[in-house]
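model22.tsv (TSV, C-alpha atoms) appears below.
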chain	number	residue	atom	x	y	z
D	1	VAL	CA	-12.27	-18.56	11.40
D	2	LYS	CA	-9.36	-16.31	10.57
D	3	VAL	CA	-9.43	-14.74	7.12
D	4	ASP	CA	-6.43	-13.16	5.50
D	5	LEU	CA	-6.17	-11.66	2.04
D	6	GLY	CA	-3.44	-11.88	-0.54
D	7	THR	CA	-3.01	-11.55	-4.25
D	8	THR	CA	-3.68	-14.08	-6.96
D	9	ASP	CA	-0.64	-12.95	-8.91
D	10	ASP	CA	1.88	-15.81	-9.15
D	11	ARG	CA	4.74	-13.30	-9.39
D	12	GLY	CA	4.20	-12.05	-5.84
D	13	ASN	CA	2.94	-8.65	-6.98
D	14	VAL	CA	1.23	-7.08	-3.97
D	15	ARG	CA	0.08	-3.93	-5.76
D	16	ASN	CA	-3.45	-5.31	-5.95
D	17	LEU	CA	-3.71	-6.15	-2.25
D	18	PRO	CA	-5.48	-2.89	-1.29
D	19	ASN	CA	-7.91	-3.40	-4.17
D	20	ASN	CA	-8.57	-7.00	-3.10
D	21	ALA	CA	-9.24	-5.82	0.46
D	22	GLY	CA	-11.50	-3.04	-0.82
D	23	PHE	CA	-13.53	-5.50	-2.87
D	24	ALA	CA	-13.77	-7.87	0.09
D	25	ALA	CA	-14.97	-5.01	2.32
D	26	ALA	CA	-17.55	-3.89	-0.25
D	27	TYR	CA	-18.86	-7.38	-0.90
D	28	GLY	CA	-19.56	-8.46	2.65
D	29	LEU	CA	-16.40	-8.81	4.72
D	30	GLY	CA	-16.72	-5.29	6.10
D	31	ARG	CA	-14.10	-2.54	6.27
D	32	GLU	CA	-12.76	-3.36	9.74
D	33	GLN	CA	-12.44	-7.08	8.99
D	34	ALA	CA	-10.79	-6.33	5.63
D	35	LEU	CA	-8.22	-4.16	7.39
D	36	LYS	CA	-7.52	-6.94	9.89
D	37	ALA	CA	-7.25	-9.40	6.99
D	38	VAL	CA	-4.23	-7.52	5.63
D	39	THR	CA	-2.63	-6.57	8.97
D	40	ILE	CA	-3.00	-8.47	12.24
D	41	VAL	CA	-4.51	-11.73	10.94
D	42	PRO	CA	-1.59	-12.57	8.57
D	43	ALA	CA	0.81	-11.65	11.39
D	44	GLU	CA	-1.01	-14.09	13.67
D	45	ILE	CA	-1.01	-16.82	11.01
D	46	PHE	CA	2.75	-16.44	10.47
D	47	GLY	CA	3.44	-16.26	14.20
D	48	VAL	CA	4.83	-12.73	14.23
D	49	ALA	CA	1.91	-10.86	15.81
D	50	ASP	CA	4.13	-9.96	18.74
D	51	LYS	CA	6.23	-7.83	16.33
D	52	LEU	CA	3.93	-6.90	13.41
D	53	GLY	CA	0.31	-6.42	12.40
D	54	SER	CA	-0.88	-3.61	14.65
D	55	ILE	CA	0.27	-0.31	16.08
D	56	GLU	CA	1.32	-0.99	19.67
D	57	VAL	CA	4.20	-0.11	21.96
D	58	GLY	CA	7.07	-2.55	21.45
D	59	LYS	CA	6.12	-3.56	17.90
D	60	ASN	CA	8.02	-2.68	14.73
D	61	ALA	CA	6.90	0.68	13.38
D	62	THR	CA	5.93	-0.36	9.86
D	63	LEU	CA	3.09	1.85	8.69
D	64	PHE	CA	2.04	4.53	6.22
D	65	ILE	CA	0.36	7.93	6.27
D	66	SER	CA	-2.32	8.61	3.67
D	67	ASP	CA	-4.96	11.20	2.88
D	68	GLY	CA	-7.85	8.74	2.88
D	69	ASP	CA	-9.09	5.19	3.03
D	70	PRO	CA	-6.26	2.79	2.14
D	71	PHE	CA	-8.73	0.66	0.15
D	72	GLU	CA	-9.76	3.53	-2.16
D	73	THR	CA	-7.81	3.93	-5.40
D	74	LYS	CA	-7.94	7.73	-5.16
D	75	THR	CA	-6.06	7.70	-1.84
D	76	THR	CA	-2.51	9.03	-1.90
D	77	ILE	CA	0.18	7.57	0.34
D	78	HIS	CA	2.22	10.49	1.68
D	79	GLN	CA	4.80	8.72	3.82
D	80	VAL	CA	5.94	5.17	4.56
D	81	PHE	CA	7.85	3.91	7.60
D	82	ILE	CA	9.41	0.44	7.57
D	83	ASP	CA	10.68	-0.81	10.91
D	84	GLY	CA	10.80	2.80	12.08
D	85	TRP	CA	12.82	4.03	9.09
D	86	LYS	CA	11.31	6.89	7.09
D	87	ILE	CA	11.31	5.81	3.45
D	88	GLN	CA	12.09	8.31	0.71
D	89	MET	CA	8.95	8.85	-1.36
D	90	LYS	CA	10.83	9.78	-4.54
D	91	SER	CA	11.62	7.06	-7.06
D	92	ARG	CA	12.31	6.67	-10.75
D	93	GLN	CA	8.58	6.09	-11.26
D	94	THR	CA	7.57	9.30	-9.46
D	95	GLU	CA	10.22	11.25	-11.37
D	96	LEU	CA	8.92	9.91	-14.70
D	97	TYR	CA	5.35	10.69	-13.65
D	98	ASP	CA	6.30	14.29	-12.81
D	99	GLU	CA	8.28	14.65	-16.04
D	100	PHE	CA	5.52	13.41	-18.31
D	101	LEU	CA	2.82	15.27	-16.41
D	102	GLN	CA	4.54	18.57	-17.26
D	103	ARG	CA	4.85	17.88	-20.99
D	104	SER	CA	2.61	19.94	-23.22
D	105	PRO	CA	2.23	18.45	-25.73
D	106	GLY	CA	5.54	16.63	-25.40
D	107	VAL	CA	7.01	15.45	-28.71
D	108	THR	CA	6.60	17.63	-31.80
D	109	LYS	CA	6.82	16.70	-35.48
D	110	GLN	CA	9.59	18.21	-37.61
Encoded form using structure tokens:
Amino acid sequence: VKVDLGTTDDRGNVRNLPNNAGFAAAYGLGREQALKAVTIVPAEIFGVADKLGSIEVGKNATLFISDGDPFETKTTIHQVFIDGWKIQMKSRQTELYDEFLQRSPGVTKQ
């Protein structure tokens, strides 16, 4: 039986996918099977395993570099590659995070 994981969010929000996989791994699926459930198994189900789902010669280079387990919330993603293209890791959200992180205390009363 092939098992793949997704999100239960009707809006297509995939932000919780690593958390879902982490919970599945912790509650019996196992870490290796959870990783397959978000990589190669969905690619097989959708018929694109010849192009996606694992790191092999001839497949699209869509992957990320992190400092830890991708299923741990404390892990930081350092770089993302989509179809071989290096994605810029700076966004409006990271700029706001940096801006508000540096505030001390931020707004003052007059």
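Take the candidates D:Phe100, D:Gly28, D:Phe81, D:Pro70 and check each one against Asn16 of chain D using only C-alpha atoms; the shortest distance goes to D:Pro70.
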**Item:** Å distance separating atom CA of Thr73 of chain D from atom CA of Ala25 of chain D, one decimal place
**Value:** 13.8 Å
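Shortest separation to Leu5 of chain D among D:Arg92, D:Lys36, D:Arg103, D:Lys86 occurs at residue D:Lys36, atoms counted being only C-alpha atoms.
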**Request:** Could you please determine the separation between atom CA of Ile45 of chain D and atom CA of Leu29 of chain D in Å, to one decimal place?
**Result:**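 Going from atom CA of Ile45 of chain D over to atom CA of Leu29 of chain D, I get 18.5 Å.
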**Prompt:** Quick one: residues within 8 Å of Thr7 of chain D, all atoms listed in the file counted, chain neighbours fewer than 3 positions away excluded, as number ranges by chain?
**Reply:** D: 12-14, 16-17, 20
**Prompt:** Need the neighbours of (-4.1, -7.7, 13.3): which residues are at most 12 Å away, counting all atoms listed in the file, as an MDAnalysis selection string?
**Reply:** chainID D and resid 2:4 32:56 59
